[in-house]
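Source file: structure-v2.cif; contents: mmCIF, C-alpha atoms (C1' of nucleotides).
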```cif
data_my_file
#
loop_
_atom_site.label_atom_id
_atom_site.label_comp_id
_atom_site.auth_asym_id
_atom_site.auth_seq_id
_atom_site.Cartn_x
_atom_site.Cartn_y
_atom_site.Cartn_z
CA MET A 1333 0.00 0.00 0.00
CA LEU A 1334 2.83 2.36 0.88
CA ASP A 1335 5.96 1.80 -1.19
CA GLU A 1336 9.46 1.73 0.20
CA GLU A 1337 10.26 5.30 -0.77
CA GLU A 1338 7.16 6.61 0.96
CA ILE A 1339 7.95 4.70 4.10
CA THR A 1340 11.55 5.92 4.03
CA TYR A 1341 10.37 9.49 3.70
CA PHE A 1342 7.94 9.04 6.58
CA ILE A 1343 10.63 7.59 8.79
CA SER A 1344 13.00 10.42 7.92
CA LEU A 1345 10.55 12.85 9.52
CA LEU A 1346 10.41 10.99 12.83
CA LYS A 1347 12.73 11.94 15.68
CA GLN A 1348 13.47 9.17 18.10
CA GLU A 1349 13.71 9.87 21.80
CA ASP A 1350 14.34 7.65 24.80
CA VAL A 1351 12.17 8.93 27.61
CA PRO A 1352 13.12 7.69 31.06
CA LYS A 1353 10.45 6.74 33.56
CA LYS A 1354 8.97 9.97 35.00
CA GLY A 1355 10.36 11.94 32.07
CA PHE A 1356 8.07 14.28 30.16
CA VAL A 1357 7.25 14.32 26.49
CA LEU A 1358 5.04 17.39 26.95
CA ARG A 1359 4.44 19.88 29.76
CA GLU A 1360 1.40 22.07 30.32
CA GLY A 1361 1.99 25.56 29.00
CA HIS A 1362 4.71 24.48 26.57
CA LEU A 1363 3.97 24.59 22.87
CA CYS A 1364 2.64 21.21 21.78
CA LYS A 1365 5.03 20.59 18.90
CA ASN A 1366 4.67 16.86 18.37
CA ILE A 1367 2.43 13.93 17.92
CA SER A 1368 4.33 10.95 19.30
CA TYR A 1369 4.38 7.29 18.31
CA ILE A 1370 5.17 4.88 21.09
CA ASN A 1371 7.70 2.31 20.02
CA SER A 1372 7.95 0.74 23.46
CA GLY A 1373 7.00 1.61 26.99
CA LEU A 1374 3.96 3.34 28.43
CA LEU A 1375 2.96 7.01 28.50
CA ARG A 1376 0.20 8.85 30.29
CA ALA A 1377 -1.50 12.16 29.44
CA TYR A 1378 -3.04 14.10 32.28
CA ALA A 1379 -4.51 17.49 33.03
CA PRO A 1380 -3.93 19.09 36.40
CA ASP A 1381 -7.07 20.66 37.83
CA LYS A 1382 -7.17 23.83 39.90
CA GLU A 1383 -6.52 21.95 43.16
CA GLY A 1384 -3.45 20.42 41.53
CA ARG A 1385 -5.02 17.01 41.19
CA GLU A 1386 -4.46 15.02 38.03
CA ALA A 1387 -7.16 13.89 35.63
CA THR A 1388 -5.72 11.11 33.50
CA ILE A 1389 -6.89 11.62 29.93
CA MET A 1390 -5.27 8.57 28.38
CA PHE A 1391 -2.69 5.87 28.70
CA ALA A 1392 -0.76 4.92 25.58
CA VAL A 1393 1.21 1.73 24.98
CA ALA A 1394 3.37 0.46 22.13
CA ASP A 1395 2.02 1.23 18.67
CA TRP A 1396 -0.28 4.03 19.88
CA TRP A 1397 0.01 7.71 19.03
CA ILE A 1398 -0.37 10.34 21.72
CA THR A 1399 -0.55 14.12 21.89
CA ASP A 1400 -2.66 16.96 23.24
CA MET A 1401 -4.60 16.89 19.98
CA PHE A 1402 -6.29 20.26 20.29
CA CYS A 1403 -3.06 22.08 21.07
CA PHE A 1404 -1.04 20.11 18.53
CA ILE A 1405 -3.42 20.88 15.69
CA ASN A 1406 -3.68 24.55 16.65
CA GLN A 1407 0.00 24.79 17.67
CA GLN A 1408 -0.87 26.18 21.07
CA PRO A 1409 0.49 25.83 24.61
CA ALA A 1410 -0.50 22.44 25.96
CA MET A 1411 -3.25 21.85 28.48
CA LEU A 1412 -1.80 18.42 29.21
CA PHE A 1413 1.29 16.83 30.63
CA ILE A 1414 2.47 13.68 28.91
CA GLU A 1415 4.84 11.61 31.00
CA ALA A 1416 6.53 8.24 30.68
CA VAL A 1417 5.18 5.75 33.21
CA GLU A 1418 7.93 3.32 32.20
CA ASN A 1419 11.17 3.87 30.31
CA SER A 1420 9.90 4.42 26.80
CA SER A 1421 11.08 4.82 23.27
CA VAL A 1422 9.05 7.23 21.17
CA PHE A 1423 9.14 8.75 17.71
CA HIS A 1424 8.07 12.38 17.46
CA LEU A 1425 6.48 13.93 14.41
CA GLN A 1426 6.27 17.72 14.23
CA LYS A 1427 3.16 19.50 12.98
CA ASN A 1428 4.89 21.10 9.99
CA ASP A 1429 6.49 17.78 9.06
CA LEU A 1430 3.11 16.08 9.28
CA ASP A 1431 1.66 18.75 7.01
CA LYS A 1432 4.52 18.16 4.55
CA LEU A 1433 3.87 14.43 4.76
CA TYR A 1434 0.20 14.93 3.93
CA SER A 1435 1.01 17.03 0.88
CA LYS A 1436 3.88 14.91 -0.43
CA VAL A 1437 2.31 11.52 0.30
CA PRO A 1438 -1.46 11.93 0.41
CA LYS A 1439 -1.83 8.26 1.33
CA PHE A 1440 -0.94 9.33 4.86
CA GLU A 1441 -4.25 11.13 5.03
CA LYS A 1442 -5.84 7.69 5.16
CA PHE A 1443 -3.29 6.49 7.68
CA PHE A 1444 -4.10 9.30 10.08
CA ARG A 1445 -7.77 9.32 9.22
CA ILE A 1446 -7.92 5.84 10.66
CA ILE A 1447 -5.87 6.83 13.70
CA MET A 1448 -8.22 9.77 14.38
CA GLN A 1449 -11.25 7.57 13.80
CA ASN A 1450 -10.05 4.99 16.31
CA ALA A 1451 -9.22 7.70 18.82
CA TYR A 1452 -12.69 9.16 18.40
CA ILE A 1453 -14.34 5.77 18.80
CA ARG A 1454 -12.33 5.12 21.97
CA GLU A 1455 -13.40 8.44 23.45
CA GLN A 1456 -17.02 7.99 22.41
CA LEU A 1457 -17.15 4.59 24.11
CA ARG A 1458 -15.42 5.92 27.21
CA GLY A 1459 -17.86 8.82 27.35
CA MET A 1460 -20.79 6.40 27.17
CA GLN A 1461 -19.42 4.35 30.03
CA ASN A 1462 -18.69 7.38 32.16
CA LEU A 1463 -22.27 8.54 31.78
CA SER A 1464 -23.96 5.24 32.46
CA LEU A 1465 -21.80 3.08 34.70
CA SER A 1466 -20.84 3.20 38.38
CA ALA A 1467 -17.22 3.55 39.44
CA GLU A 1468 -17.06 -0.17 40.20
CA GLU A 1469 -18.39 -1.11 36.77
CA ARG A 1470 -15.94 1.25 35.08
CA TYR A 1471 -13.08 -0.29 37.01
CA ASN A 1472 -14.13 -3.81 36.09
CA ASN A 1473 -14.34 -2.85 32.43
CA PHE A 1474 -10.96 -1.17 32.59
CA VAL A 1475 -9.35 -4.31 33.99
CA ILE A 1476 -10.91 -6.40 31.23
CA LYS A 1477 -9.98 -3.97 28.46
CA TYR A 1478 -6.47 -3.05 29.60
CA PRO A 1479 -5.15 -5.89 31.79
CA GLN A 1480 -1.57 -5.04 30.92
CA ILE A 1481 -1.91 -1.40 31.93
CA VAL A 1482 -3.43 -2.47 35.25
CA LYS A 1483 -0.20 -4.35 35.98
CA GLN A 1484 2.06 -1.46 34.99
CA VAL A 1485 0.55 1.63 36.57
CA THR A 1486 -0.29 2.56 40.14
CA GLN A 1487 -3.85 2.48 41.39
CA LYS A 1488 -3.62 6.19 41.97
CA LYS A 1489 -3.25 6.73 38.22
CA ILE A 1490 -6.01 4.28 37.36
CA ALA A 1491 -8.29 6.03 39.84
CA SER A 1492 -7.59 9.36 38.18
CA TYR A 1493 -8.44 7.81 34.79
CA LEU A 1494 -11.72 6.49 36.18
CA GLY A 1495 -12.56 9.81 37.81
CA ILE A 1496 -12.46 8.57 41.41
CA THR A 1497 -10.10 8.93 44.37
CA PRO A 1498 -7.44 6.29 45.11
CA GLU A 1499 -9.13 5.70 48.48
CA PHE A 1500 -12.38 4.81 46.80
CA LEU A 1501 -10.67 2.55 44.28
CA SER A 1502 -9.06 0.79 47.21
CA ALA A 1503 -12.51 0.27 48.72
CA ILE A 1504 -13.84 -1.11 45.43
CA ARG A 1505 -10.98 -3.58 45.20
CA LYS A 1506 -11.47 -4.66 48.78
CA ASN A 1507 -15.10 -5.41 48.06
CA LYS A 1508 -14.20 -7.57 45.09
CA THR A 1509 -11.81 -9.88 46.91
CA LYS A 1510 -14.48 -10.67 49.52
CA MET B 1122 -9.48 21.82 -3.79
CA LEU B 1123 -12.24 19.44 -4.86
CA ASP B 1124 -13.29 19.92 -8.47
CA GLU B 1125 -16.87 19.98 -9.67
CA GLU B 1126 -16.89 16.39 -10.83
CA GLU B 1127 -15.65 15.15 -7.48
CA ILE B 1128 -18.25 17.14 -5.65
CA THR B 1129 -20.98 15.90 -7.97
CA TYR B 1130 -19.91 12.33 -7.36
CA PHE B 1131 -19.89 12.89 -3.62
CA ILE B 1132 -23.36 14.38 -3.71
CA SER B 1133 -24.65 11.50 -5.82
CA LEU B 1134 -23.83 9.16 -2.95
CA LEU B 1135 -25.84 11.11 -0.38
CA LYS B 1136 -29.45 10.21 0.34
CA GLN B 1137 -31.57 13.05 1.62
CA GLU B 1138 -34.13 12.43 4.32
CA ASP B 1139 -36.52 14.72 6.15
CA VAL B 1140 -36.70 13.56 9.72
CA PRO B 1141 -39.63 14.89 11.71
CA LYS B 1142 -39.20 15.93 15.31
CA LYS B 1143 -39.02 12.77 17.46
CA GLY B 1144 -38.20 10.69 14.38
CA PHE B 1145 -35.25 8.32 14.47
CA VAL B 1146 -32.25 8.18 12.18
CA LEU B 1147 -30.89 5.16 14.05
CA ARG B 1148 -32.26 2.77 16.63
CA GLU B 1149 -30.33 0.64 19.09
CA GLY B 1150 -29.98 -2.91 17.79
CA HIS B 1151 -30.48 -1.92 14.16
CA LEU B 1152 -27.52 -2.14 11.80
CA CYS B 1153 -25.78 1.22 11.74
CA LYS B 1154 -25.71 1.74 7.99
CA ASN B 1155 -25.07 5.46 7.70
CA ILE B 1156 -23.03 8.40 8.72
CA SER B 1157 -25.36 11.40 8.46
CA TYR B 1158 -24.71 15.00 7.56
CA ILE B 1159 -27.10 17.49 9.12
CA ASN B 1160 -28.32 20.00 6.61
CA SER B 1161 -30.71 21.65 9.03
CA GLY B 1162 -32.27 20.88 12.37
CA LEU B 1163 -30.90 19.25 15.47
CA LEU B 1164 -30.21 15.61 16.29
CA ARG B 1165 -29.26 13.84 19.48
CA ALA B 1166 -27.44 10.54 20.01
CA TYR B 1167 -28.11 8.68 23.23
CA ALA B 1168 -27.52 5.33 24.85
CA PRO B 1169 -30.15 3.81 27.11
CA ASP B 1170 -28.67 2.32 30.29
CA LYS B 1171 -29.98 -0.78 32.02
CA GLU B 1172 -32.54 1.21 34.04
CA GLY B 1173 -33.81 2.65 30.77
CA ARG B 1174 -32.38 6.09 31.41
CA GLU B 1175 -30.75 7.94 28.58
CA ALA B 1176 -27.14 9.04 28.44
CA THR B 1177 -26.83 11.73 25.80
CA ILE B 1178 -23.64 11.13 23.85
CA MET B 1179 -23.84 14.11 21.52
CA PHE B 1180 -25.99 16.81 20.03
CA ALA B 1181 -25.45 17.65 16.37
CA VAL B 1182 -26.53 20.80 14.57
CA ALA B 1183 -26.34 21.97 10.95
CA ASP B 1184 -23.08 21.10 9.19
CA TRP B 1185 -22.14 18.37 11.68
CA TRP B 1186 -21.84 14.67 10.95
CA ILE B 1187 -23.31 12.12 13.34
CA THR B 1188 -23.33 8.35 13.67
CA ASP B 1189 -22.62 5.57 16.14
CA MET B 1190 -19.04 5.57 14.89
CA PHE B 1191 -17.97 2.22 16.32
CA CYS B 1192 -20.97 0.39 14.89
CA PHE B 1193 -20.85 2.27 11.59
CA ILE B 1194 -17.20 1.45 10.97
CA ASN B 1195 -17.67 -2.17 11.99
CA GLN B 1196 -21.14 -2.44 10.41
CA GLN B 1197 -22.68 -3.72 13.60
CA PRO B 1198 -26.00 -3.29 15.42
CA ALA B 1199 -26.08 0.14 16.99
CA MET B 1200 -25.59 0.84 20.69
CA LEU B 1201 -27.13 4.27 20.21
CA PHE B 1202 -30.40 5.87 19.27
CA ILE B 1203 -30.15 8.95 17.10
CA GLU B 1204 -33.31 11.05 17.13
CA ALA B 1205 -34.36 14.39 15.70
CA VAL B 1206 -34.93 16.97 18.42
CA GLU B 1207 -36.35 19.33 15.79
CA ASN B 1208 -37.63 18.70 12.29
CA SER B 1209 -34.39 18.06 10.45
CA SER B 1210 -33.03 17.54 6.98
CA VAL B 1211 -30.14 15.11 6.76
CA PHE B 1212 -27.99 13.49 4.09
CA HIS B 1213 -27.05 9.88 4.69
CA LEU B 1214 -23.88 8.26 3.42
CA GLN B 1215 -23.63 4.47 3.55
CA LYS B 1216 -20.46 2.68 4.64
CA ASN B 1217 -19.89 0.99 1.28
CA ASP B 1218 -20.48 4.26 -0.57
CA LEU B 1219 -18.02 6.00 1.74
CA ASP B 1220 -15.48 3.27 1.00
CA LYS B 1221 -16.07 3.76 -2.72
CA LEU B 1222 -15.67 7.49 -2.27
CA TYR B 1223 -12.34 7.01 -0.52
CA SER B 1224 -11.01 4.82 -3.31
CA LYS B 1225 -12.34 6.88 -6.22
CA VAL B 1226 -11.57 10.30 -4.76
CA PRO B 1227 -8.77 9.94 -2.23
CA LYS B 1228 -9.04 13.63 -1.37
CA PHE B 1229 -12.01 12.66 0.77
CA GLU B 1230 -9.61 10.89 3.08
CA LYS B 1231 -8.42 14.34 4.11
CA PHE B 1232 -11.99 15.59 4.34
CA PHE B 1233 -12.95 12.86 6.78
CA ARG B 1234 -9.57 12.86 8.50
CA ILE B 1235 -10.36 16.39 9.60
CA ILE B 1236 -13.90 15.45 10.64
CA MET B 1237 -12.58 12.56 12.74
CA GLN B 1238 -9.86 14.76 14.18
CA ASN B 1239 -12.35 17.41 15.26
CA ALA B 1240 -14.63 14.78 16.72
CA TYR B 1241 -11.72 13.33 18.68
CA ILE B 1242 -10.69 16.75 19.95
CA ARG B 1243 -14.26 17.47 21.06
CA GLU B 1244 -14.43 14.22 22.98
CA GLN B 1245 -10.99 14.66 24.50
CA LEU B 1246 -11.95 18.11 25.78
CA ARG B 1247 -15.27 16.86 27.07
CA GLY B 1248 -13.53 13.98 28.83
CA MET B 1249 -11.15 16.42 30.51
CA GLN B 1250 -14.01 18.54 31.75
CA ASN B 1251 -15.98 15.57 33.01
CA LEU B 1252 -13.00 14.44 35.05
CA SER B 1253 -12.10 17.79 36.56
CA LEU B 1254 -15.19 19.97 36.82
CA SER B 1255 -18.28 19.96 39.02
CA ALA B 1256 -21.75 19.60 37.52
CA GLU B 1257 -22.32 23.34 37.89
CA GLU B 1258 -19.10 24.20 36.08
CA ARG B 1259 -19.91 21.76 33.30
CA TYR B 1260 -23.34 23.31 32.88
CA ASN B 1261 -21.89 26.83 32.74
CA ASN B 1262 -19.39 25.76 30.10
CA PHE B 1263 -22.10 24.05 28.11
CA VAL B 1264 -24.19 27.20 28.06
CA ILE B 1265 -21.21 29.24 26.89
CA LYS B 1266 -20.17 26.70 24.25
CA TYR B 1267 -23.60 25.79 22.88
CA PRO B 1268 -25.99 28.67 23.63
CA GLN B 1269 -28.18 27.74 20.68
CA ILE B 1270 -28.60 24.14 21.79
CA VAL B 1271 -29.58 25.33 25.27
CA LYS B 1272 -32.49 27.17 23.70
CA GLN B 1273 -33.61 24.24 21.58
CA VAL B 1274 -33.50 21.20 23.85
CA THR B 1275 -35.17 20.40 27.15
CA GLN B 1276 -33.24 20.56 30.38
CA LYS B 1277 -33.81 16.88 30.79
CA LYS B 1278 -31.70 16.22 27.71
CA ILE B 1279 -29.00 18.68 28.73
CA ALA B 1280 -28.87 17.04 32.16
CA SER B 1281 -28.38 13.64 30.53
CA TYR B 1282 -25.53 15.09 28.44
CA LEU B 1283 -23.90 16.50 31.57
CA GLY B 1284 -24.33 13.24 33.46
CA ILE B 1285 -26.71 14.57 36.10
CA THR B 1286 -30.43 14.27 36.88
CA PRO B 1287 -32.90 16.91 35.67
CA GLU B 1288 -33.77 17.61 39.31
CA PHE B 1289 -30.20 18.47 40.10
CA LEU B 1290 -29.85 20.65 37.00
CA SER B 1291 -32.96 22.47 38.15
CA ALA B 1292 -31.29 23.08 41.51
CA ILE B 1293 -28.13 24.36 39.81
CA ARG B 1294 -30.15 26.81 37.74
CA LYS B 1295 -32.06 28.00 40.77
CA ASN B 1296 -28.78 28.77 42.52
CA LYS B 1297 -27.53 30.82 39.60
CA THR B 1298 -30.49 33.16 39.41
CA LYS B 1299 -30.11 34.10 43.07
"C1'" DA C 1062 -60.26 24.98 23.64
"C1'" DT C 1063 -59.51 21.02 26.37
"C1'" DA C 1064 -57.37 17.01 27.81
"C1'" DA C 1065 -53.31 14.43 28.01
"C1'" DT C 1066 -48.59 14.24 28.27
"C1'" DT C 1067 -44.23 15.87 29.23
"C1'" DT C 1068 -41.20 18.99 31.55
"C1'" DC C 1069 -39.78 21.64 35.37
"C1'" DT C 1070 -39.58 22.63 40.15
"C1'" DT C 1071 -39.38 21.81 45.05
"C1'" DA C 1072 -38.27 19.41 49.04
"C1'" DA C 1073 -36.93 15.66 52.11
"C1'" DG C 1074 -34.30 11.76 52.81
"C1'" DC C 1075 -30.52 8.93 50.89
"C1'" DT C 1076 -26.07 7.03 48.91
"C1'" DA C 1077 -22.01 6.89 46.10
"C1'" DC C 1078 -18.16 8.84 46.42
"C1'" DC C 1079 -15.03 12.45 48.74
"C1'" DT C 1080 -12.00 14.32 52.56
"C1'" DT C 1081 -8.91 13.96 56.08
"C1'" DA C 1082 -5.75 11.65 58.60
"C1'" DA C 1083 -3.25 7.98 60.48
"C1'" DT C 1084 -0.95 3.39 59.50
"C1'" DT C 1085 1.10 -0.04 56.62
"C1'" DT C 1086 3.25 -1.52 52.49
"C1'" DT C 1087 5.91 -0.86 48.49
"C1'" DT C 1088 9.12 1.56 45.71
"C1'" DT C 1089 12.98 4.55 45.01
"C1'" DA C 1090 17.21 6.71 46.09
"C1'" DT C 1091 21.61 6.75 48.61
"C1'" DA D 1167 21.17 -2.25 53.50
"C1'" DT D 1168 19.02 1.79 54.96
"C1'" DA D 1169 16.53 5.90 54.68
"C1'" DA D 1170 13.23 8.52 52.29
"C1'" DA D 1171 9.43 8.93 49.44
"C1'" DA D 1172 5.41 7.31 47.30
"C1'" DA D 1173 1.51 4.23 47.17
"C1'" DA D 1174 -2.06 1.66 49.29
"C1'" DT D 1175 -5.20 0.75 53.05
"C1'" DT D 1176 -8.50 1.76 56.62
"C1'" DA D 1177 -11.88 4.29 58.92
"C1'" DA D 1178 -14.81 8.16 60.31
"C1'" DG D 1179 -17.25 12.01 58.98
"C1'" DG D 1180 -18.89 14.94 55.05
"C1'" DT D 1181 -21.08 16.46 50.63
"C1'" DA D 1182 -22.38 16.47 45.75
"C1'" DG D 1183 -25.56 14.65 43.45
"C1'" DC D 1184 -29.48 10.92 43.46
"C1'" DT D 1185 -34.27 9.17 44.54
"C1'" DT D 1186 -38.89 9.62 45.27
"C1'" DA D 1187 -42.91 12.02 45.11
"C1'" DA D 1188 -46.06 15.58 44.38
"C1'" DG D 1189 -47.53 19.90 42.35
"C1'" DA D 1190 -46.99 23.64 38.77
"C1'" DA D 1191 -45.93 24.93 34.18
"C1'" DA D 1192 -45.38 24.12 29.49
"C1'" DT D 1193 -46.05 21.48 25.41
"C1'" DT D 1194 -48.57 18.34 22.46
"C1'" DA D 1195 -52.51 16.04 20.74
"C1'" DT D 1196 -57.53 15.87 19.96
#
```
Would you put the structure from the file into structure tokens?
Amino acid sequence: MLDEEEITYFISLLKQEDVPKKGFVLREGHLCKNISYINSGLLRAYAPDKEGREATIMFAVADWWITDMFCFINQQPAMLFIEAVENSSVFHLQKNDLDKLYSKVPKFEKFFRIIMQNAYIREQLRGMQNLSLSAEERYNNFVIKYPQIVKQVTQKKIASYLGITPEFLSAIRKNKTK
Amino acid sequence: MLDEEEITYFISLLKQEDVPKKGFVLREGHLCKNISYINSGLLRAYAPDKEGREATIMFAVADWWITDMFCFINQQPAMLFIEAVENSSVFHLQKNDLDKLYSKVPKFEKFFRIIMQNAYIREQLRGMQNLSLSAEERYNNFVIKYPQIVKQVTQKKIASYLGITPEFLSAIRKNKTK
DNA sequence: ATAATTTCTTAAGCTACCTTAATTTTTTAT
DNA sequence: ATAAAAAATTAAGGTAGCTTAAGAAATTAT
């Protein structure tokens, strides 16, 4: 579908970075320059609220793309932090390079159309669950959907993804083992 | 950007439908055949939960596209109802016609890439707000962001979009006018 | 116009989830 | 290994938002 030359060109635009655990790929207030492909490891995007607490927007594992999409597309200061939960290897793609890619190799429009579509579907499904399920049901679904992430991140971070406190997640888990 | 022939072809794939107020464009359990462009009017997508209550997933006004994206892409029975809140005029595009469109006029990949991207951004922002704001703050933001929708839909539906009961929304509004 | 239906409001009691704080356990750094 | 820091647990008290129910207001249907 993509020939060798196209792939080579694509790869030439990517900038590899090793991000150590607790390192940041993006900080709130900094210009969101990149969309980042995760080669290995695990990243987390979160927004700090006014009390300084973190709302986890997404986790991203190998083969996922992550960015603060609004700020990336509009080349604005980020609302989100993106940090490595584990040592990770990522490939960054800058906005202007992505735009060049689209114009030189229009096939990448399809490539990213599908990425955007999947991201939208994920968020639409998450939104549905957040509106209609209890915290316990959301946690159970999370464990089923992302068993690997459950093993790799702290409960505190999972709680902040589910929209509950770590104390309450602890209570939910206690209930289950009974 | 798109020439006349391409636009004509695109339009030839669209099927116009007048949907009366309270009419359905999609029903839960029915195959989700279409993605629908709203020419005029106002539609609402919602998921019924197990107690039969409705979680409003999105409102869509003129110039927006709406579907149960997961079920449309995978051509599965819908999880959502999509109903007209006002008399509406919509243009439907079937999955196989969209696929044809992509292969005959690849420029439409970009067209829908941007639609998917905007939809993702919307959901990512909404997710952030749901995690970090109180019901009152979410309502205030909704009124600022969608003043027109506030005028056109019942509070019951807005409440179900915000993830609260109509009674509690009523209480929030009462507080504000004091 | 009138009746029927739906929406909105109000209020009282309730519960899912939060807060605070202290203790234990696990992880990280030296 | 040891100390320090972070995460997880537990428990008691608190609150945002829910439930139920009944009446008022608005909308829809006849």
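Nearest residue to chain D, choosing from A:Leu1494, A:Leu1433, A:Val1485, A:Ala1387 and counting only C-alpha atoms (C1' of nucleotides): A:Val1485.
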Give me, as CSV, each residue of chain B that comes within 10 Å of chain C, together with its shortest interatomic pair and the distance in Å at one decimal, counting only C-alpha atoms (C1' of nucleotides), with rows ordered by chain and rising residue number.
```
residue,atom,partner,partner_atom,distance
B:Thr1275,CA,C:DT1068,C1',7.6
B:Gln1276,CA,C:DT1068,C1',8.2
B:Lys1277,CA,C:DT1068,C1',7.7
B:Pro1287,CA,C:DC1069,C1',8.4
B:Glu1288,CA,C:DT1070,C1',7.7
B:Ser1291,CA,C:DT1070,C1',6.9
B:Ala1292,CA,C:DT1070,C1',8.4
B:Lys1295,CA,C:DT1070,C1',9.3
```
Mind giving me the straight-line distance from C1' of DT1193 (chain D) to CA of Leu1201 (chain B) in Å, one decimal? 26.1 Å
Option closest in space to Leu1134 (chain B), from B:Gln1215, B:Ser1224, B:Thr1177, B:Asn1160 [counting all atoms listed in the file]: B:Gln1215
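Using all atoms listed in the file, the shortest contact distance between chain A and any of B:Leu1254, B:Val1140, B:Ile1265, B:Ile1187 is found at B:Leu1254.
Pairwise distance (CA of Pro1268 (chain B), CA of Gln1245 (chain B)) equals 20.5 Å.
Residues of chain D lying within 12 Å of chain B, counting all atoms listed in the file, are DA1182, DG1183, DC1184, DT1185, DT1186, DA1192 and DT1193 of chain D.
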Taking the file above as input, evaluate the PyMOL selection byres ((chain B) within 7 of (chain A)) and report the hits as a compact mmCIF listing (two decimals) with C-alpha atoms, in the coordinates of the input.
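File produced: selection34.txt:
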```txt
# COMPACT_ATOMS: atom_id res chain seq x y z
CA ASP B 1170 -28.67 2.32 30.29
CA ALA B 1176 -27.14 9.04 28.44
CA ILE B 1178 -23.64 11.13 23.85
CA MET B 1190 -19.04 5.57 14.89
CA PHE B 1191 -17.97 2.22 16.32
CA GLU B 1230 -9.61 10.89 3.08
CA LYS B 1231 -8.42 14.34 4.11
CA PHE B 1233 -12.95 12.86 6.78
CA ARG B 1234 -9.57 12.86 8.50
CA MET B 1237 -12.58 12.56 12.74
CA GLN B 1238 -9.86 14.76 14.18
CA ALA B 1240 -14.63 14.78 16.72
CA TYR B 1241 -11.72 13.33 18.68
CA ILE B 1242 -10.69 16.75 19.95
CA GLU B 1244 -14.43 14.22 22.98
CA GLN B 1245 -10.99 14.66 24.50
CA GLY B 1248 -13.53 13.98 28.83
CA MET B 1249 -11.15 16.42 30.51
CA LEU B 1252 -13.00 14.44 35.05
CA SER B 1253 -12.10 17.79 36.56
CA GLY B 1284 -24.33 13.24 33.46
```
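Here CA of Glu1336 (chain A) and CA of Ser1420 (chain A) stand 26.7 Å from one another.
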